[in-house]
Structures are given as C-alpha cells and as structure tokens.
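Shown next: data39.cif, given as mmCIF, N, CA and C atoms and all ligand atoms.
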data_protein
loop_
_atom_site.label_atom_id
_atom_site.label_comp_id
_atom_site.auth_asym_id
_atom_site.auth_seq_id
_atom_site.Cartn_x
_atom_site.Cartn_y
_atom_site.Cartn_z
N MET I 83 47.07 81.73 104.00
CA MET I 83 46.68 80.40 103.54
C MET I 83 47.89 79.47 103.52
N ASP I 84 47.66 78.23 103.85
CA ASP I 84 48.77 77.29 103.93
C ASP I 84 48.32 75.94 103.39
N THR I 85 48.98 75.47 102.34
CA THR I 85 48.56 74.21 101.74
C THR I 85 49.51 73.07 102.12
N VAL I 86 50.44 73.36 103.03
CA VAL I 86 51.42 72.35 103.38
C VAL I 86 51.10 71.76 104.76
N GLY I 87 50.91 70.44 104.81
CA GLY I 87 50.58 69.77 106.07
C GLY I 87 51.72 69.78 107.06
N SER I 88 51.40 69.48 108.33
CA SER I 88 52.41 69.62 109.39
C SER I 88 53.53 68.58 109.25
N GLU I 89 53.17 67.38 108.79
CA GLU I 89 54.20 66.36 108.62
C GLU I 89 55.21 66.79 107.56
N VAL I 90 54.64 67.33 106.47
CA VAL I 90 55.50 67.83 105.39
C VAL I 90 56.32 69.00 105.89
N ARG I 91 55.69 69.86 106.68
CA ARG I 91 56.40 71.03 107.17
C ARG I 91 57.61 70.66 108.03
N SER I 92 57.44 69.66 108.91
CA SER I 92 58.57 69.28 109.76
C SER I 92 59.69 68.69 108.91
N LYS I 93 59.29 67.98 107.87
CA LYS I 93 60.28 67.43 106.94
C LYS I 93 61.05 68.58 106.27
N ILE I 94 60.27 69.59 105.89
CA ILE I 94 60.86 70.76 105.24
C ILE I 94 61.80 71.49 106.19
N MET I 95 61.36 71.69 107.42
CA MET I 95 62.18 72.41 108.38
C MET I 95 63.48 71.65 108.63
N ARG I 96 63.40 70.33 108.72
CA ARG I 96 64.61 69.52 108.90
C ARG I 96 65.56 69.72 107.72
N SER I 97 64.98 69.70 106.52
CA SER I 97 65.81 69.79 105.33
C SER I 97 66.50 71.15 105.25
N VAL I 98 65.81 72.18 105.69
CA VAL I 98 66.36 73.53 105.60
C VAL I 98 67.47 73.73 106.63
N ARG I 99 67.31 73.07 107.78
CA ARG I 99 68.31 73.23 108.84
C ARG I 99 69.60 72.46 108.57
N SER I 100 69.55 71.57 107.60
CA SER I 100 70.72 70.72 107.37
C SER I 100 71.92 71.55 106.89
N LYS I 101 73.08 70.93 106.99
CA LYS I 101 74.33 71.63 106.71
C LYS I 101 74.47 72.07 105.26
N ASP I 102 73.95 71.24 104.39
CA ASP I 102 74.12 71.49 102.97
C ASP I 102 73.13 72.56 102.51
N THR I 103 73.59 73.79 102.44
CA THR I 103 72.63 74.88 102.27
C THR I 103 72.71 75.57 100.92
N GLY I 104 73.30 74.91 99.93
CA GLY I 104 73.29 75.52 98.60
C GLY I 104 71.84 75.80 98.21
N PRO I 105 71.58 76.99 97.62
CA PRO I 105 70.20 77.37 97.32
C PRO I 105 69.45 76.32 96.48
N GLU I 106 70.13 75.78 95.49
CA GLU I 106 69.46 74.81 94.62
C GLU I 106 69.16 73.52 95.38
N ARG I 107 70.09 73.09 96.23
CA ARG I 107 69.88 71.87 97.01
C ARG I 107 68.69 72.05 97.95
N LYS I 108 68.58 73.24 98.51
CA LYS I 108 67.47 73.55 99.41
C LYS I 108 66.13 73.37 98.69
N VAL I 109 66.07 73.89 97.48
CA VAL I 109 64.83 73.79 96.71
C VAL I 109 64.54 72.33 96.36
N ARG I 110 65.59 71.60 96.00
CA ARG I 110 65.43 70.18 95.68
C ARG I 110 64.89 69.41 96.86
N ARG I 111 65.44 69.67 98.04
CA ARG I 111 64.99 68.97 99.26
C ARG I 111 63.54 69.28 99.54
N LEU I 112 63.21 70.55 99.35
CA LEU I 112 61.83 70.98 99.59
C LEU I 112 60.87 70.25 98.65
N LEU I 113 61.23 70.21 97.37
CA LEU I 113 60.37 69.54 96.39
C LEU I 113 60.26 68.06 96.71
N HIS I 114 61.37 67.49 97.13
CA HIS I 114 61.38 66.08 97.51
C HIS I 114 60.45 65.84 98.71
N ALA I 115 60.53 66.73 99.70
CA ALA I 115 59.68 66.62 100.89
C ALA I 115 58.20 66.75 100.52
N LEU I 116 57.93 67.50 99.47
CA LEU I 116 56.55 67.68 99.02
C LEU I 116 56.08 66.51 98.17
N GLY I 117 57.01 65.59 97.87
CA GLY I 117 56.64 64.38 97.14
C GLY I 117 56.76 64.47 95.63
N TYR I 118 57.45 65.50 95.13
CA TYR I 118 57.61 65.63 93.68
C TYR I 118 58.79 64.83 93.18
N ARG I 119 58.64 64.34 91.96
CA ARG I 119 59.76 63.68 91.30
C ARG I 119 60.29 64.64 90.25
N PHE I 120 61.60 64.70 90.17
CA PHE I 120 62.18 65.67 89.24
C PHE I 120 63.51 65.20 88.69
N ARG I 121 63.95 65.89 87.67
CA ARG I 121 65.26 65.64 87.09
C ARG I 121 66.06 66.92 87.15
N LEU I 122 67.38 66.77 87.05
CA LEU I 122 68.24 67.95 87.20
C LEU I 122 68.92 68.32 85.89
N HIS I 123 69.09 69.61 85.70
CA HIS I 123 69.91 70.15 84.61
C HIS I 123 69.71 69.44 83.28
N ARG I 124 68.51 69.54 82.74
CA ARG I 124 68.26 68.98 81.43
C ARG I 124 68.98 69.85 80.40
N LYS I 125 70.06 69.32 79.89
CA LYS I 125 70.88 70.09 78.94
C LYS I 125 70.17 70.36 77.62
N ASP I 126 69.14 69.54 77.35
CA ASP I 126 68.45 69.70 76.07
C ASP I 126 67.37 70.78 76.12
N LEU I 127 67.17 71.38 77.27
CA LEU I 127 66.15 72.42 77.38
C LEU I 127 66.79 73.81 77.41
N PRO I 128 66.09 74.81 76.83
CA PRO I 128 66.65 76.18 76.83
C PRO I 128 66.97 76.65 78.24
N GLY I 129 68.12 77.26 78.39
CA GLY I 129 68.51 77.82 79.68
C GLY I 129 68.99 76.78 80.69
N ASN I 130 68.99 75.50 80.29
CA ASN I 130 69.48 74.43 81.17
C ASN I 130 68.86 74.55 82.58
N PRO I 131 67.54 74.36 82.68
CA PRO I 131 66.86 74.59 83.97
C PRO I 131 67.45 73.74 85.09
N ASP I 132 67.49 74.30 86.29
CA ASP I 132 68.08 73.61 87.43
C ASP I 132 67.30 72.35 87.79
N ILE I 133 65.97 72.46 87.74
CA ILE I 133 65.11 71.35 88.15
C ILE I 133 63.98 71.20 87.12
N VAL I 134 63.72 69.97 86.72
CA VAL I 134 62.65 69.72 85.75
C VAL I 134 61.67 68.72 86.33
N LEU I 135 60.38 69.07 86.30
CA LEU I 135 59.33 68.16 86.76
C LEU I 135 58.52 67.72 85.55
N PRO I 136 58.93 66.60 84.94
CA PRO I 136 58.32 66.20 83.67
C PRO I 136 56.82 65.96 83.77
N LYS I 137 56.39 65.38 84.87
CA LYS I 137 54.97 65.06 85.04
C LYS I 137 54.10 66.31 84.96
N TRP I 138 54.60 67.41 85.47
CA TRP I 138 53.85 68.66 85.50
C TRP I 138 54.26 69.60 84.37
N ARG I 139 55.15 69.14 83.53
CA ARG I 139 55.73 69.97 82.47
C ARG I 139 56.12 71.34 83.05
N ALA I 140 56.85 71.27 84.16
CA ALA I 140 57.30 72.49 84.84
C ALA I 140 58.81 72.46 85.00
N VAL I 141 59.42 73.62 84.91
CA VAL I 141 60.84 73.74 85.19
C VAL I 141 61.04 74.79 86.28
N VAL I 142 62.09 74.60 87.08
CA VAL I 142 62.38 75.55 88.14
C VAL I 142 63.80 76.08 87.97
N PHE I 143 63.92 77.38 87.95
CA PHE I 143 65.23 78.02 87.99
C PHE I 143 65.44 78.57 89.40
N VAL I 144 66.60 78.29 89.97
CA VAL I 144 66.93 78.89 91.26
C VAL I 144 67.95 80.00 90.98
N HIS I 145 67.49 81.23 91.14
CA HIS I 145 68.31 82.36 90.74
C HIS I 145 68.95 83.08 91.92
N GLY I 146 70.24 83.33 91.80
CA GLY I 146 70.93 84.18 92.76
C GLY I 146 70.49 85.62 92.52
N CYS I 147 70.16 86.33 93.59
CA CYS I 147 69.60 87.68 93.46
C CYS I 147 70.57 88.65 92.79
N PHE I 148 71.85 88.49 93.09
CA PHE I 148 72.85 89.39 92.52
C PHE I 148 73.00 89.15 91.01
N TRP I 149 73.27 87.92 90.64
CA TRP I 149 73.57 87.60 89.24
C TRP I 149 72.39 87.80 88.31
N HIS I 150 71.19 87.60 88.84
CA HIS I 150 70.02 87.71 87.97
C HIS I 150 69.22 88.98 88.24
N ASP I 151 69.81 89.87 89.03
CA ASP I 151 69.28 91.21 89.25
C ASP I 151 67.83 91.22 89.73
N HIS I 152 67.63 90.63 90.89
CA HIS I 152 66.29 90.53 91.44
C HIS I 152 65.67 91.88 91.79
N GLY I 153 66.50 92.83 92.17
CA GLY I 153 65.98 94.13 92.58
C GLY I 153 65.81 94.24 94.09
N CYS I 154 66.11 93.16 94.81
CA CYS I 154 66.04 93.17 96.27
C CYS I 154 67.39 93.66 96.82
N PRO I 155 67.50 93.88 98.15
CA PRO I 155 68.77 94.39 98.69
C PRO I 155 69.99 93.53 98.33
N ARG I 156 69.77 92.23 98.16
CA ARG I 156 70.89 91.35 97.82
C ARG I 156 71.45 91.59 96.42
N SER I 157 70.71 92.30 95.60
CA SER I 157 71.16 92.47 94.22
C SER I 157 71.88 93.79 93.99
N THR I 158 72.16 94.51 95.06
CA THR I 158 72.89 95.77 94.95
C THR I 158 74.27 95.55 94.34
N LYS I 159 74.59 96.37 93.34
CA LYS I 159 75.86 96.21 92.63
C LYS I 159 76.99 96.96 93.33
N PRO I 160 78.20 96.39 93.29
CA PRO I 160 79.33 97.11 93.88
C PRO I 160 79.60 98.42 93.12
N ALA I 161 80.09 99.42 93.83
CA ALA I 161 80.34 100.73 93.21
C ALA I 161 81.55 100.66 92.28
N THR I 162 82.50 99.79 92.61
CA THR I 162 83.67 99.66 91.75
C THR I 162 83.34 98.76 90.57
N ASN I 163 83.94 99.07 89.41
CA ASN I 163 83.69 98.29 88.21
C ASN I 163 82.21 98.26 87.82
N ALA I 164 81.51 99.34 88.10
CA ALA I 164 80.07 99.38 87.87
C ALA I 164 79.70 98.98 86.44
N GLU I 165 80.44 99.51 85.47
CA GLU I 165 80.13 99.22 84.07
C GLU I 165 80.25 97.75 83.76
N TYR I 166 81.26 97.13 84.32
CA TYR I 166 81.49 95.70 84.11
C TYR I 166 80.29 94.89 84.60
N TRP I 167 79.84 95.20 85.80
CA TRP I 167 78.71 94.46 86.37
C TRP I 167 77.43 94.69 85.60
N VAL I 168 77.20 95.94 85.26
CA VAL I 168 75.97 96.28 84.52
C VAL I 168 75.91 95.46 83.24
N GLU I 169 77.02 95.41 82.53
CA GLU I 169 77.05 94.71 81.25
C GLU I 169 76.90 93.20 81.44
N LYS I 170 77.61 92.67 82.42
CA LYS I 170 77.57 91.24 82.68
C LYS I 170 76.15 90.79 83.07
N ILE I 171 75.53 91.58 83.91
CA ILE I 171 74.21 91.21 84.40
C ILE I 171 73.14 91.46 83.34
N ARG I 172 73.38 92.46 82.49
CA ARG I 172 72.46 92.71 81.38
C ARG I 172 72.40 91.47 80.48
N LYS I 173 73.57 90.89 80.23
CA LYS I 173 73.64 89.69 79.38
C LYS I 173 72.95 88.50 80.03
N THR I 174 73.15 88.37 81.33
CA THR I 174 72.50 87.27 82.06
C THR I 174 70.99 87.40 81.97
N LYS I 175 70.49 88.62 82.15
CA LYS I 175 69.04 88.83 82.11
C LYS I 175 68.47 88.56 80.72
N LEU I 176 69.24 88.92 79.72
CA LEU I 176 68.83 88.68 78.34
C LEU I 176 68.73 87.18 78.09
N ARG I 177 69.72 86.44 78.56
CA ARG I 177 69.71 84.97 78.43
C ARG I 177 68.51 84.39 79.16
N ASP I 178 68.25 84.89 80.37
CA ASP I 178 67.11 84.42 81.17
C ASP I 178 65.81 84.61 80.40
N ARG I 179 65.63 85.82 79.89
CA ARG I 179 64.37 86.14 79.18
C ARG I 179 64.18 85.24 77.98
N ARG I 180 65.26 85.02 77.23
CA ARG I 180 65.19 84.19 76.03
C ARG I 180 64.80 82.76 76.41
N ALA I 181 65.43 82.25 77.47
CA ALA I 181 65.15 80.87 77.90
C ALA I 181 63.70 80.72 78.33
N VAL I 182 63.19 81.68 79.09
CA VAL I 182 61.80 81.62 79.57
C VAL I 182 60.85 81.62 78.38
N LEU I 183 61.12 82.49 77.42
CA LEU I 183 60.28 82.60 76.23
C LEU I 183 60.26 81.28 75.46
N GLU I 184 61.44 80.71 75.25
CA GLU I 184 61.54 79.46 74.49
C GLU I 184 60.83 78.32 75.22
N LEU I 185 61.03 78.27 76.53
CA LEU I 185 60.40 77.20 77.32
C LEU I 185 58.88 77.34 77.31
N GLU I 186 58.40 78.57 77.50
CA GLU I 186 56.95 78.78 77.53
C GLU I 186 56.33 78.49 76.17
N THR I 187 57.05 78.85 75.12
CA THR I 187 56.56 78.56 73.77
C THR I 187 56.42 77.06 73.58
N ALA I 188 57.33 76.30 74.19
CA ALA I 188 57.30 74.84 74.07
C ALA I 188 56.32 74.22 75.09
N GLY I 189 55.59 75.05 75.82
CA GLY I 189 54.55 74.55 76.71
C GLY I 189 55.00 74.26 78.13
N TRP I 190 56.19 74.74 78.50
CA TRP I 190 56.66 74.51 79.87
C TRP I 190 56.16 75.61 80.80
N ASN I 191 55.85 75.21 82.00
CA ASN I 191 55.51 76.14 83.06
C ASN I 191 56.83 76.53 83.74
N VAL I 192 57.21 77.79 83.63
CA VAL I 192 58.52 78.22 84.13
C VAL I 192 58.37 78.89 85.49
N ILE I 193 59.06 78.33 86.48
CA ILE I 193 58.99 78.84 87.85
C ILE I 193 60.38 79.33 88.26
N VAL I 194 60.44 80.55 88.76
CA VAL I 194 61.71 81.10 89.22
C VAL I 194 61.68 81.24 90.74
N VAL I 195 62.68 80.64 91.39
CA VAL I 195 62.83 80.79 92.84
C VAL I 195 64.03 81.70 93.08
N TRP I 196 63.80 82.75 93.86
CA TRP I 196 64.90 83.67 94.17
C TRP I 196 65.56 83.25 95.48
N GLU I 197 66.87 83.43 95.49
CA GLU I 197 67.70 83.09 96.65
C GLU I 197 67.13 83.70 97.94
N CYS I 198 66.68 84.95 97.88
CA CYS I 198 66.20 85.62 99.09
C CYS I 198 64.87 85.03 99.56
N GLY I 199 64.19 84.29 98.67
CA GLY I 199 62.92 83.68 99.04
C GLY I 199 63.07 82.36 99.75
N LEU I 200 64.33 81.92 99.94
CA LEU I 200 64.58 80.62 100.57
C LEU I 200 64.50 80.69 102.08
N LYS I 201 64.49 81.91 102.62
CA LYS I 201 64.51 82.08 104.07
C LYS I 201 63.24 81.51 104.70
N ASP I 202 62.10 81.75 104.06
CA ASP I 202 60.83 81.26 104.59
C ASP I 202 60.44 79.99 103.84
N ALA I 203 60.91 78.85 104.35
CA ALA I 203 60.72 77.58 103.66
C ALA I 203 59.26 77.20 103.52
N SER I 204 58.47 77.50 104.55
CA SER I 204 57.07 77.14 104.53
C SER I 204 56.32 77.92 103.45
N ALA I 205 56.59 79.21 103.37
CA ALA I 205 55.95 80.04 102.35
C ALA I 205 56.40 79.61 100.96
N LEU I 206 57.69 79.27 100.85
CA LEU I 206 58.22 78.84 99.55
C LEU I 206 57.57 77.53 99.12
N ALA I 207 57.40 76.61 100.07
CA ALA I 207 56.77 75.32 99.75
C ALA I 207 55.36 75.53 99.23
N THR I 208 54.62 76.42 99.89
CA THR I 208 53.26 76.71 99.46
C THR I 208 53.25 77.32 98.06
N ALA I 209 54.15 78.27 97.84
CA ALA I 209 54.21 78.95 96.55
C ALA I 209 54.60 77.98 95.44
N LEU I 210 55.55 77.10 95.74
CA LEU I 210 55.99 76.12 94.74
C LEU I 210 54.85 75.20 94.35
N LYS I 211 54.16 74.69 95.38
CA LYS I 211 53.05 73.77 95.14
C LYS I 211 51.98 74.44 94.27
N GLU I 212 51.69 75.68 94.59
CA GLU I 212 50.68 76.40 93.82
C GLU I 212 51.13 76.65 92.38
N SER I 213 52.41 77.00 92.23
CA SER I 213 52.92 77.27 90.88
C SER I 213 52.96 76.00 90.04
N ILE I 214 53.39 74.91 90.66
CA ILE I 214 53.53 73.65 89.92
C ILE I 214 52.17 73.10 89.53
N GLU I 215 51.23 73.18 90.48
CA GLU I 215 49.92 72.57 90.25
C GLU I 215 48.86 73.59 89.87
N ARG I 216 49.26 74.59 89.11
CA ARG I 216 48.32 75.60 88.65
C ARG I 216 47.09 74.93 88.05
N ARG I 217 45.97 75.53 88.32
CA ARG I 217 44.70 74.87 87.97
C ARG I 217 44.55 74.65 86.46
N ASP I 218 45.20 75.49 85.67
CA ASP I 218 45.04 75.34 84.22
C ASP I 218 45.96 74.24 83.66
N ARG I 219 46.68 73.57 84.56
CA ARG I 219 47.58 72.52 84.08
C ARG I 219 47.21 71.19 84.73
N LYS I 220 47.44 70.16 84.00
CA LYS I 220 47.16 68.83 84.54
C LYS I 220 48.40 67.96 84.40
N PRO I 221 48.58 67.02 85.37
CA PRO I 221 49.75 66.14 85.24
C PRO I 221 49.65 65.30 83.98
N ALA I 222 50.78 64.98 83.40
CA ALA I 222 50.81 64.20 82.14
C ALA I 222 50.37 62.76 82.41
ZN ZN K 1 66.21 88.70 95.98
#
As structure tokens, please, write out the structure in this file.
Ligand SMILES: [Zn+2]
Amino acid sequence: MDTVGSEVRSKIMRSVRSKDTGPERKVRRLLHALGYRFRLHRKDLPGNPDIVLPKWRAVVFVHGCFWHDHGCPRSTKPATNAEYWVEKIRKTKLRDRRAVLELETAGWNVIVVWECGLKDASALATALKESIERRDRKPA
C-alpha cells in the first residue's frame, strides 16, 4: 500500500539525494515534502524531541541505531570496552523510555524513526503519514 502521491514522491527522492544527509535533516525534508508544519527541539518537552508537529500533537524522535540500541545490525556493540557501552546505552534507553512515557501521559503521539529506516524514503514517508494521522487522532 502506498499513500504518497507521485509528485510528493519525486520531491522526497530529490530531498533524499541531496548532499545534506544528516538523519534528522532527512526526516525534516521528508515531512516538509509531505506538507507538514513542525518545530524543532522543543526544550520544554520531555526528552527534547527532534521534531514537534503541534497541529497533530505528535513528536518525532530520530534515533541512531547504535546509541538507542535498535537491535538491527547497525546496533552491534564493539567487543572492546563492552561494559562501558552496555552501561552507557542502558542509560540512554532508560531516558528514552521515561521521555516516551511522560509525553504519552501528556497526550502526545510519540513516533520513533530509526536511522536504518531512512534508506527507503518512500516507505518511511508512508509510515510517517500513517503514524501522524492515526485515525484515533484529529488535528487541533
Ligand atoms: Zn536500526
């Protein structure tokens, strides 16, 4: 299934091919191409979400697979200093969980985009649109 039109798709493909390939920028461009308005890094919200869509009361976190322990091949830990990484990432995951809980309690729709999911821009665009516009939610 595909909910993204061809005009939007070409816009998305252009945005993904551009030089500026930071994961968060990619997601921002995609959301922009889909016509969403958003704000960045709301410091007043738990976990300081990367992208905030006030109209949809949705927040988006763009997570690096390694740092947030996605469980995909990209999140494999180095063999050296194993204990250090385990502890560091355990703390990150704890912070993530707390932020999601606090945001959801406050009525926010929390969407997590994983770095490895950025490869398929079209699929990501569809998934984002569906997550943001979940049927049980209405724009403000
Ligand atoms: Zn991943």
Legend entry - 8 Å shell around ligand ZN 1 (chain K) using all atoms listed in the file, listed as a PyMOL selection string: chain I and resi 145-148+151-157+195-199
Inset, instruction - Identify, with DSSP run on backbone atoms, the residues in chain I assigned to strand (DSSP E or B), and express the list as a VMD selection string. - result: chain I and resid 121 to 122 133 to 135 140 to 145 191 to 196
Legend entry - Separation of atom N of Phe143 (chain I) from atom N of Ile193 (chain I) in Å: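 Computed distance, atom N of Ile193 (chain I) to atom N of Phe143 (chain I), equals 5.2 Å.
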Inset, instruction - Select, from I:Leu127, I:Val134, I:Ala207, I:Leu116, the residue with the minimum atom-to-atom distance to Thr187 (chain I), counting only C-alpha atoms. - result: I:Leu127
Legend entry - chain I: residues DSSP assigns to alpha helix (DSSP H), reported as a ChimeraX atom specification: /I:88-99,105-115,164-187,203-214
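Distance check against Glu212 (chain I) using only C-alpha atoms: of I:Ala140, I:Lys108, I:Leu200, I:Gly189, the minimum falls on I:Ala140.
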Listed atoms of region 123-128 of chain I, axis-aligned box, 3 Å per side: centre and edge lengths to one decimal in Å, as lines of an AutoDock Vina configuration file?
center_x = 68.5
center_y = 72.8
center_z = 80.9
size_x = 10.8
size_y = 13.7
size_z = 15.6
Legend entry - Separation of CA of Ile214 (chain I) from CA of Ala115 (chain I) in Å: 14.4 Å
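For the pair atom C of Thr158 (chain I) and atom N of Glu186 (chain I), the separation is 28.7 Å.
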Write out as an mmCIF file with N, CA and C atoms, in the frame of the given file which residues come within 6 Å of region 174-184 of chain I when counting all atoms listed in the file, dropping same-chain ones fewer than 5 positions away.
data_model
loop_
_atom_site.group_PDB
_atom_site.id
_atom_site.type_symbol
_atom_site.label_atom_id
_atom_site.label_comp_id
_atom_site.auth_asym_id
_atom_site.auth_seq_id
_atom_site.Cartn_x
_atom_site.Cartn_y
_atom_site.Cartn_z
ATOM 1 N N PRO I 128 66.090 74.810 76.830
ATOM 2 C CA PRO I 128 66.650 76.180 76.830
ATOM 3 C C PRO I 128 66.970 76.650 78.240
ATOM 4 N N GLY I 129 68.120 77.260 78.390
ATOM 5 C CA GLY I 129 68.510 77.820 79.680
ATOM 6 C C GLY I 129 68.990 76.780 80.690
ATOM 7 N N HIS I 150 71.190 87.600 88.840
ATOM 8 C CA HIS I 150 70.020 87.710 87.970
ATOM 9 C C HIS I 150 69.220 88.980 88.240
#
Inset, instruction - Would you mind telling me which residue in I:Leu206, I:Ile171, I:Ala188, I:Ala161 lies nearest to Arg139 (chain I) when using only C-alpha atoms? - result: I:Ala188
Legend entry - Residue among I:Leu185, I:Val109, I:Ile133, I:Leu122 lying closest to Ser204 (chain I), counting only C-alpha atoms: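 Closest residue, counting only C-alpha atoms: I:Val109.
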Inset, instruction - Give as an MDAnalysis selection string every residue, naming chains and numbers as the document does, that has an atom within 7 Å of (56.9, 78.9, 86.2), counting all atoms listed in the file. - result: chainID I and resid 140:142 190:194 213:214
Legend entry - Residue with smallest distance to Ala203 (chain I) - pool I:Val90, I:Leu112, I:Val168, I:Leu135, counting only C-alpha atoms: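 Nearest to Ala203 (chain I): I:Leu112.
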Can you pull region 134-149 of chain I out of that block with N, CA and C atoms and hand it back as a PDB file, in the first residue's frame?
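To be explicit, this is the file written out as result-v4.pdb:
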ATOM      1  N   VAL I 134       8.622  18.438  16.355  1.00  0.00           N
ATOM      2  CA  VAL I 134       7.314  18.524  17.002  1.00  0.00           C
ATOM      3  C   VAL I 134       6.283  19.024  15.999  1.00  0.00           C
ATOM      4  N   LEU I 135       5.179  18.286  15.875  1.00  0.00           N
ATOM      5  CA  LEU I 135       4.088  18.706  14.992  1.00  0.00           C
ATOM      6  C   LEU I 135       2.897  19.095  15.860  1.00  0.00           C
ATOM      7  N   PRO I 136       2.823  20.383  16.216  1.00  0.00           N
ATOM      8  CA  PRO I 136       1.816  20.812  17.196  1.00  0.00           C
ATOM      9  C   PRO I 136       0.385  20.530  16.744  1.00  0.00           C
ATOM     10  N   LYS I 137       0.120  20.714  15.471  1.00  0.00           N
ATOM     11  CA  LYS I 137      -1.234  20.526  14.957  1.00  0.00           C
ATOM     12  C   LYS I 137      -1.733  19.103  15.196  1.00  0.00           C
ATOM     13  N   TRP I 138      -0.839  18.146  15.106  1.00  0.00           N
ATOM     14  CA  TRP I 138      -1.203  16.738  15.269  1.00  0.00           C
ATOM     15  C   TRP I 138      -0.869  16.223  16.663  1.00  0.00           C
ATOM     16  N   ARG I 139      -0.383  17.100  17.504  1.00  0.00           N
ATOM     17  CA  ARG I 139       0.093  16.720  18.837  1.00  0.00           C
ATOM     18  C   ARG I 139       0.967  15.461  18.736  1.00  0.00           C
ATOM     19  N   ALA I 140       1.925  15.545  17.810  1.00  0.00           N
ATOM     20  CA  ALA I 140       2.837  14.426  17.575  1.00  0.00           C
ATOM     21  C   ALA I 140       4.281  14.903  17.706  1.00  0.00           C
ATOM     22  N   VAL I 141       5.123  14.038  18.213  1.00  0.00           N
ATOM     23  CA  VAL I 141       6.552  14.326  18.259  1.00  0.00           C
ATOM     24  C   VAL I 141       7.294  13.206  17.549  1.00  0.00           C
ATOM     25  N   VAL I 142       8.427  13.555  16.945  1.00  0.00           N
ATOM     26  CA  VAL I 142       9.228  12.560  16.248  1.00  0.00           C
ATOM     27  C   VAL I 142      10.644  12.560  16.826  1.00  0.00           C
ATOM     28  N   PHE I 143      11.094  11.394  17.215  1.00  0.00           N
ATOM     29  CA  PHE I 143      12.490  11.220  17.594  1.00  0.00           C
ATOM     30  C   PHE I 143      13.200  10.495  16.457  1.00  0.00           C
ATOM     31  N   VAL I 144      14.355  11.012  16.065  1.00  0.00           N
ATOM     32  CA  VAL I 144      15.159  10.311  15.066  1.00  0.00           C
ATOM     33  C   VAL I 144      16.317   9.663  15.826  1.00  0.00           C
ATOM     34  N   HIS I 145      16.262   8.347  15.911  1.00  0.00           N
ATOM     35  CA  HIS I 145      17.224   7.635  16.752  1.00  0.00           C
ATOM     36  C   HIS I 145      18.313   6.943  15.952  1.00  0.00           C
ATOM     37  N   GLY I 146      19.543   7.147  16.378  1.00  0.00           N
ATOM     38  CA  GLY I 146      20.660   6.388  15.829  1.00  0.00           C
ATOM     39  C   GLY I 146      20.571   4.960  16.355  1.00  0.00           C
ATOM     40  N   CYS I 147      20.735   3.984  15.472  1.00  0.00           N
ATOM     41  CA  CYS I 147      20.543   2.580  15.849  1.00  0.00           C
ATOM     42  C   CYS I 147      21.518   2.130  16.924  1.00  0.00           C
ATOM     43  N   PHE I 148      22.738   2.627  16.850  1.00  0.00           N
ATOM     44  CA  PHE I 148      23.757   2.225  17.822  1.00  0.00           C
ATOM     45  C   PHE I 148      23.439   2.796  19.205  1.00  0.00           C
ATOM     46  N   TRP I 149      23.262   4.095  19.278  1.00  0.00           N
ATOM     47  CA  TRP I 149      23.088   4.766  20.572  1.00  0.00           C
ATOM     48  C   TRP I 149      21.804   4.387  21.281  1.00  0.00           C
TER      49      TRP I 149
END
